[in-house]
>>> print(open('final_27.tsv').read())   # TSV, C-alpha atoms
chain	number	residue	atom	x	y	z
A	1	MET	CA	90.73	88.75	90.66
A	2	ARG	CA	94.12	87.88	92.17
A	3	LEU	CA	95.99	89.35	89.19
A	4	TRP	CA	93.84	92.49	89.30
A	5	ALA	CA	94.56	92.99	93.00
A	6	ASN	CA	98.30	92.62	92.40
A	7	LEU	CA	98.20	95.10	89.53
A	8	LEU	CA	96.50	97.66	91.73
A	9	LYS	CA	99.41	97.45	94.17
A	10	ALA	CA	102.01	98.08	91.47
A	11	PRO	CA	103.51	101.58	92.06
A	12	GLU	CA	102.75	102.79	88.54
A	13	LYS	CA	99.12	101.71	88.86
A	14	LEU	CA	98.83	103.48	92.21
A	15	ILE	CA	100.16	106.69	90.67
A	16	GLU	CA	97.73	106.37	87.75
A	17	GLY	CA	94.87	105.87	90.19
A	18	LEU	CA	95.95	108.88	92.22
A	19	GLU	CA	96.13	111.05	89.12
A	20	ALA	CA	92.61	109.97	88.12
A	21	ALA	CA	91.28	110.79	91.60
A	22	GLU	CA	93.02	114.18	91.55
A	23	ALA	CA	91.47	114.91	88.15
A	24	ALA	CA	88.02	114.13	89.57
A	25	LEU	CA	88.66	116.49	92.50
A	26	LYS	CA	89.71	119.31	90.16
A	27	LEU	CA	86.36	119.00	88.40
A	28	ASP	CA	84.46	118.69	91.68
A	29	PRO	CA	86.28	119.48	94.96
A	30	HIS	CA	83.39	117.82	96.81
A	31	HIS	CA	83.74	114.51	94.96
A	32	THR	CA	83.44	112.09	97.87
A	33	MET	CA	84.86	109.08	96.08
A	34	GLY	CA	87.75	111.17	94.77
A	35	HIS	CA	88.76	112.01	98.33
A	36	ALA	CA	88.28	108.42	99.51
A	37	VAL	CA	90.26	106.84	96.67
A	38	SER	CA	93.04	109.40	97.07
A	39	GLY	CA	93.24	108.55	100.76
A	40	ALA	CA	93.32	104.80	100.15
A	41	ILE	CA	96.11	105.16	97.60
A	42	MET	CA	98.06	107.43	99.96
A	43	THR	CA	97.88	104.63	102.53
A	44	GLU	CA	99.33	102.17	100.01
A	45	LEU	CA	102.13	104.69	99.36
A	46	ALA	CA	102.77	104.99	103.14
A	47	ARG	CA	101.77	108.68	103.09
A	48	TYR	CA	99.58	108.29	106.14
A	49	ASP	CA	99.11	111.96	107.08
A	50	ASP	CA	97.85	112.74	103.57
A	51	ALA	CA	95.71	109.60	103.64
A	52	VAL	CA	93.98	110.62	106.87
A	53	ARG	CA	93.40	114.13	105.54
A	54	PHE	CA	91.67	112.90	102.38
A	55	LEU	CA	89.66	110.26	104.22
A	56	ASP	CA	88.57	112.74	106.88
A	57	GLU	CA	87.14	114.89	104.11
A	58	ALA	CA	85.39	111.90	102.52
A	59	GLY	CA	83.82	111.11	105.89
A	60	ARG	CA	82.75	114.71	106.36
A	61	LEU	CA	81.06	114.74	102.96
A	62	ASP	CA	79.31	111.40	103.55
A	63	PRO	CA	79.35	110.03	107.13
A	64	SER	CA	77.71	106.80	105.91
A	65	TYR	CA	80.51	106.00	103.43
A	66	HIS	CA	81.64	102.87	105.24
A	67	TRP	CA	84.42	101.97	102.80
A	68	ALA	CA	86.05	105.34	103.44
A	69	ARG	CA	85.66	104.82	107.20
A	70	LYS	CA	87.40	101.45	106.92
A	71	GLU	CA	90.25	102.96	104.91
A	72	ARG	CA	90.59	105.77	107.45
A	73	GLY	CA	90.92	103.20	110.23
A	74	LYS	CA	93.68	101.43	108.29
A	75	ALA	CA	95.56	104.69	107.71
A	76	LEU	CA	95.36	105.61	111.40
A	77	TYR	CA	96.47	102.11	112.42
A	78	LEU	CA	99.50	102.17	110.13
A	79	ARG	CA	100.36	105.74	111.19
A	80	GLY	CA	100.55	104.54	114.78
A	81	ASP	CA	97.35	106.20	116.03
A	82	THR	CA	96.14	102.90	117.42
A	83	GLU	CA	93.57	104.27	119.87
A	84	ALA	CA	91.98	106.38	117.14
A	85	ALA	CA	92.00	103.40	114.78
A	86	LEU	CA	90.40	101.23	117.46
A	87	ASP	CA	87.56	103.74	117.81
A	88	VAL	CA	86.96	103.72	114.04
A	89	PHE	CA	87.02	99.93	113.78
A	90	THR	CA	84.81	99.40	116.83
A	91	LYS	CA	82.10	101.64	115.38
A	92	LEU	CA	82.49	99.97	111.99
A	93	ALA	CA	82.05	96.52	113.53
A	94	GLU	CA	78.94	97.61	115.42
A	95	GLY	CA	76.94	98.81	112.44
A	96	SER	CA	78.11	99.21	108.85
A	97	ALA	CA	76.39	96.93	106.36
A	98	GLY	CA	78.99	94.91	104.49
A	99	PHE	CA	81.99	96.07	106.52
A	100	GLU	CA	81.43	94.47	109.91
A	101	SER	CA	84.13	91.84	109.33
A	102	GLN	CA	86.77	94.43	108.41
A	103	GLY	CA	85.75	96.44	111.45
A	104	LEU	CA	86.05	93.38	113.69
A	105	ALA	CA	89.45	92.39	112.27
A	106	GLY	CA	90.76	95.92	112.72
A	107	GLN	CA	89.36	96.06	116.24
A	108	VAL	CA	91.11	92.81	117.20
A	109	LEU	CA	94.44	93.87	115.69
A	110	ALA	CA	94.31	97.30	117.34
A	111	LEU	CA	93.51	95.80	120.74
A	112	ARG	CA	96.42	93.39	120.42
A	113	LYS	CA	98.74	96.18	119.36
A	114	LEU	CA	97.71	98.04	122.52
A	115	GLY	CA	98.55	95.00	124.64
A	116	ARG	CA	94.90	94.12	125.27
A	117	SER	CA	94.96	90.58	123.84
A	118	GLU	CA	92.49	89.16	126.35
A	119	GLU	CA	89.97	91.82	125.39
A	120	ALA	CA	90.59	91.06	121.71
A	121	ASN	CA	89.83	87.38	122.31
A	122	LYS	CA	86.60	88.29	124.09
A	123	VAL	CA	85.55	90.50	121.19
A	124	LEU	CA	86.04	87.55	118.82
A	125	GLU	CA	84.07	85.22	121.09
A	126	LEU	CA	81.18	87.66	121.41
A	127	SER	CA	81.04	88.12	117.64
A	128	LEU	CA	81.53	84.54	116.44
A	129	GLY	CA	80.55	82.50	119.48
A	130	ASN	CA	82.71	80.10	121.48
A	131	PRO	CA	83.09	77.89	119.60
A	132	PRO	CA	82.14	79.73	116.38
A	133	ARG	CA	78.91	78.60	114.74
A	134	ASP	CA	78.63	80.39	111.38
A	135	PRO	CA	81.10	79.26	108.68
A	136	TYR	CA	80.33	82.25	106.47
A	137	ALA	CA	81.08	84.72	109.28
A	138	CYS	CA	84.40	82.91	109.83
A	139	LEU	CA	85.17	83.06	106.10
A	140	ASP	CA	84.41	86.79	105.93
A	141	LEU	CA	86.65	87.41	108.93
A	142	ALA	CA	89.47	85.33	107.43
A	143	ARG	CA	89.35	87.52	104.32
A	144	ALA	CA	89.33	90.66	106.45
A	145	PHE	CA	92.50	89.55	108.23
A	146	VAL	CA	94.07	88.80	104.83
A	147	GLU	CA	93.25	92.37	103.77
A	148	PHE	CA	95.10	93.73	106.79
A	149	TYR	CA	97.99	91.33	106.22
A	150	GLY	CA	98.41	92.92	102.81
A	151	LEU	CA	99.21	96.16	104.64
A	152	ASP	CA	101.09	95.26	107.81
A	153	GLU	CA	102.65	91.96	106.60
A	154	ALA	CA	102.64	90.75	110.21
A	155	LYS	CA	102.83	86.97	110.43
A	156	GLU	CA	100.38	86.95	113.35
A	157	THR	CA	97.80	88.70	111.16
A	158	LEU	CA	98.14	85.97	108.55
A	159	ALA	CA	98.10	83.30	111.26
A	160	GLU	CA	94.77	84.71	112.48
A	161	ALA	CA	93.41	84.50	108.94
A	162	ILE	CA	94.57	80.88	108.63
A	163	ARG	CA	92.86	80.01	111.93
A	164	LYS	CA	89.61	81.49	110.66
A	165	TYR	CA	89.86	79.54	107.39
A	166	GLN	CA	90.41	76.37	109.41
A	167	GLU	CA	87.39	77.19	111.56
A	168	THR	CA	85.33	77.75	108.41
A	169	ILE	CA	86.30	74.33	107.06
A	170	ARG	CA	85.58	72.66	110.39
A	171	LEU	CA	82.07	74.12	110.35
A	172	ASN	CA	81.45	73.48	106.64
A	173	PRO	CA	83.98	71.24	104.84
A	174	GLY	CA	82.13	71.74	101.57
A	175	LEU	CA	83.00	75.41	100.93
A	176	PRO	CA	85.35	75.54	97.92
A	177	ASP	CA	86.42	79.14	98.56
A	178	ALA	CA	87.73	78.29	102.02
A	179	HIS	CA	89.84	75.41	100.68
A	180	ASN	CA	91.10	77.47	97.74
A	181	GLU	CA	92.11	80.45	99.84
A	182	ILE	CA	93.75	78.60	102.71
A	183	GLY	CA	95.72	76.55	100.19
A	184	TRP	CA	96.90	79.68	98.39
A	185	TYR	CA	97.91	81.73	101.43
A	186	GLN	CA	99.64	78.90	103.24
A	187	ALA	CA	101.60	77.96	100.13
A	188	THR	CA	102.63	81.46	99.09
A	189	GLU	CA	103.04	83.33	102.37
A	190	LEU	CA	104.24	80.86	105.02
A	191	ASP	CA	107.64	79.22	105.48
A	192	ARG	CA	106.60	76.18	103.55
A	193	ASP	CA	107.96	72.66	103.69
A	194	SER	CA	107.04	69.55	101.73
A	195	ASP	CA	104.32	68.47	104.18
A	196	LEU	CA	102.69	71.92	104.17
A	197	LEU	CA	102.69	72.06	100.38
A	198	ALA	CA	101.13	68.59	100.23
A	199	SER	CA	98.35	69.81	102.52
A	200	CYS	CA	97.91	72.93	100.35
A	201	ILE	CA	97.58	70.76	97.25
A	202	ASP	CA	94.92	68.69	99.02
A	203	HIS	CA	92.96	71.87	99.79
A	204	ALA	CA	93.35	73.22	96.25
A	205	GLU	CA	92.28	69.94	94.63
A	206	LEU	CA	89.29	69.70	96.94
A	207	ALA	CA	88.31	73.28	96.07
A	208	VAL	CA	88.18	72.37	92.38
A	209	ALA	CA	86.26	69.16	93.07
A	210	LEU	CA	83.69	70.94	95.23
A	211	LEU	CA	82.76	73.54	92.62
A	212	PRO	CA	79.23	73.13	91.25
A	213	LYS	CA	79.00	71.78	87.72
A	214	GLY	CA	79.37	74.55	85.17
A	215	SER	CA	81.27	76.89	87.50
A	216	VAL	CA	84.15	78.99	86.23
A	217	LYS	CA	87.25	77.28	87.62
A	218	GLY	CA	90.02	79.64	86.47
A	219	ASN	CA	91.01	81.07	89.85
A	220	TYR	CA	90.86	77.65	91.52
A	221	LEU	CA	92.97	75.98	88.83
A	222	ASP	CA	95.39	78.90	89.04
A	223	THR	CA	95.86	78.19	92.75
A	224	LEU	CA	96.41	74.49	92.09
A	225	GLY	CA	98.89	75.18	89.31
A	226	TRP	CA	100.98	77.60	91.36
A	227	ILE	CA	101.15	75.25	94.33
A	228	TRP	CA	102.34	72.41	92.09
A	229	TYR	CA	104.96	74.86	90.74
A	230	LEU	CA	106.13	75.59	94.29
A	231	LYS	CA	106.19	71.85	94.94
A	232	GLY	CA	108.52	71.46	91.96
A	233	ASN	CA	106.24	69.52	89.62
A	234	LEU	CA	106.44	71.67	86.51
A	235	ASN	CA	104.37	69.34	84.33
A	236	LYS	CA	101.34	69.48	86.62
A	237	ALA	CA	101.87	73.20	87.19
A	238	ARG	CA	101.85	73.87	83.44
A	239	ARG	CA	98.78	71.68	82.89
A	240	TYR	CA	96.65	73.38	85.53
A	241	LEU	CA	97.80	76.91	84.68
A	242	GLN	CA	96.97	76.32	81.01
A	243	GLN	CA	93.53	75.06	82.02
A	244	ALA	CA	93.07	78.15	84.20
A	245	MET	CA	93.54	80.43	81.19
A	246	LYS	CA	90.91	78.70	79.03
>>> encode(input="final_27.tsv", output="structure tokens")
Amino acid sequence: MRLWANLLKAPEKLIEGLEAAEAALKLDPHHTMGHAVSGAIMTELARYDDAVRFLDEAGRLDPSYHWARKERGKALYLRGDTEAALDVFTKLAEGSAGFESQGLAGQVLALRKLGRSEEANKVLELSLGNPPRDPYACLDLARAFVEFYGLDEAKETLAEAIRKYQETIRLNPGLPDAHNEIGWYQATELDRDSDLLASCIDHAELAVALLPKGSVKGNYLDTLGWIWYLKGNLNKARRYLQQAMK
């Protein structure tokens, strides 16, 4: 999954995807997904005006296409239309099956960008509780912030994701995904030192140990192997990465 996501962000893969979407639109100018995918790729290419244009059309063709609405919010946010993005994300958070977390994350980031941090904190409290009570809601929100971090690369966005992973683990220490993901993002994205990497290894090892018997462990072993590589232990890195590929 991680490798696939990275491949999709490679420029040549983005161009291939855009060409495929354009081909679909030539066959059917009303192809909703063609417009939506074109818009999402335009956002990745930093062509925000084109992105909004395609995503507006996708929304016109299918107002209930929540993925396209989310992508439109991201394009507006990155274009600098923060108020418009806030409106999109607020509506997405209020009612869009499967996309509430992305809507909430976008809403919080837009409010903070507008200098309304206190309001952003209240939105989080109303959604998650104070203190939060649902580990799965925290995990979903952590992943949503990670998605936005992939676009804006703002350290505070990643820091928010890390806080939500930590909250998830506090509420349910037995969730392997939370340990795996916090270990990976702290090790690969933060200014790491020896103590941080040791903590990341602890999380990654616990993630593997917590997996139910018979589970596919490739992604989890991949995380563990890469963190050992960053730590400088090439023997352990090689061992876990080889196991991940089996």
>>> atom_distance(input="final_27.tsv", atom1="CA of Ala10 (chain A)", atom2="CA of Ser38 (chain A)")
15.5 Å
>>> atom_distance(input="final_27.tsv", atom1="CA of Lys74 (chain A)", atom2="CA of Met42 (chain A)")
11.2 Å
>>> residues_around(input="final_27.tsv", residues="region 140-146 of chain A", least_positions_apart="3", cutoff="9 Å", atoms="all atoms listed in the file", output="ChimeraX atom specification")
/A:100-106,109,135-137,149-151,157-165,168,181,185
>>> write_last_selection(input="final_27.tsv", atoms="C-alpha atoms", output="compact mmCIF listing (two decimals), in the frame of the given file")
# COMPACT_ATOMS: atom_id res chain seq x y z
CA GLU A 100 81.43 94.47 109.91
CA SER A 101 84.13 91.84 109.33
CA GLN A 102 86.77 94.43 108.41
CA GLY A 103 85.75 96.44 111.45
CA LEU A 104 86.05 93.38 113.69
CA ALA A 105 89.45 92.39 112.27
CA GLY A 106 90.76 95.92 112.72
CA LEU A 109 94.44 93.87 115.69
CA PRO A 135 81.10 79.26 108.68
CA TYR A 136 80.33 82.25 106.47
CA ALA A 137 81.08 84.72 109.28
CA TYR A 149 97.99 91.33 106.22
CA GLY A 150 98.41 92.92 102.81
CA LEU A 151 99.21 96.16 104.64
CA THR A 157 97.80 88.70 111.16
CA LEU A 158 98.14 85.97 108.55
CA ALA A 159 98.10 83.30 111.26
CA GLU A 160 94.77 84.71 112.48
CA ALA A 161 93.41 84.50 108.94
CA ILE A 162 94.57 80.88 108.63
CA ARG A 163 92.86 80.01 111.93
CA LYS A 164 89.61 81.49 110.66
CA TYR A 165 89.86 79.54 107.39
CA THR A 168 85.33 77.75 108.41
CA GLU A 181 92.11 80.45 99.84
CA TYR A 185 97.91 81.73 101.43
>>> atom_distance(input="final_27.tsv", atom1="CA of Glu118 (chain A)", atom2="CA of Glu83 (chain A)")
16.5 Å
>>> residues_around(input="final_27.tsv", residues="Ala75 (chain A)", least_positions_apart="5", cutoff="9 Å", atoms="only C-alpha atoms", output="NGL selection string")
:A and (39-40 or 42-44 or 46-49 or 51-52 or 55 or 70 or 80-81 or 85)
>>> residues_around(input="final_27.tsv", residues="Phe54 (chain A)", least_positions_apart="5", cutoff="12 Å", atoms="only C-alpha atoms", output="VMD selection string")
chain A and resid 18 21 to 22 25 29 to 43 47 to 49 59 to 61 68 to 69 71 to 72 75
>>> residues_around(input="final_27.tsv", residues="Ile201 (chain A)", least_positions_apart="5", cutoff="12 Å", atoms="only C-alpha atoms", output="ChimeraX atom specification")
/A:179-188,194-196,206-208,220-231,233,236-237
>>> closest_residue(input="final_27.tsv", among="A:Leu92, A:Leu76, A:Ile169, A:Ala24", to="Pro63 (chain A)", atoms="all atoms listed in the file")
A:Leu92
>>> closest_residue(input="final_27.tsv", among="A:Asp87, A:Glu57, A:Asp191, A:Glu205", to="Leu111 (chain A)", atoms="only C-alpha atoms")
A:Asp87
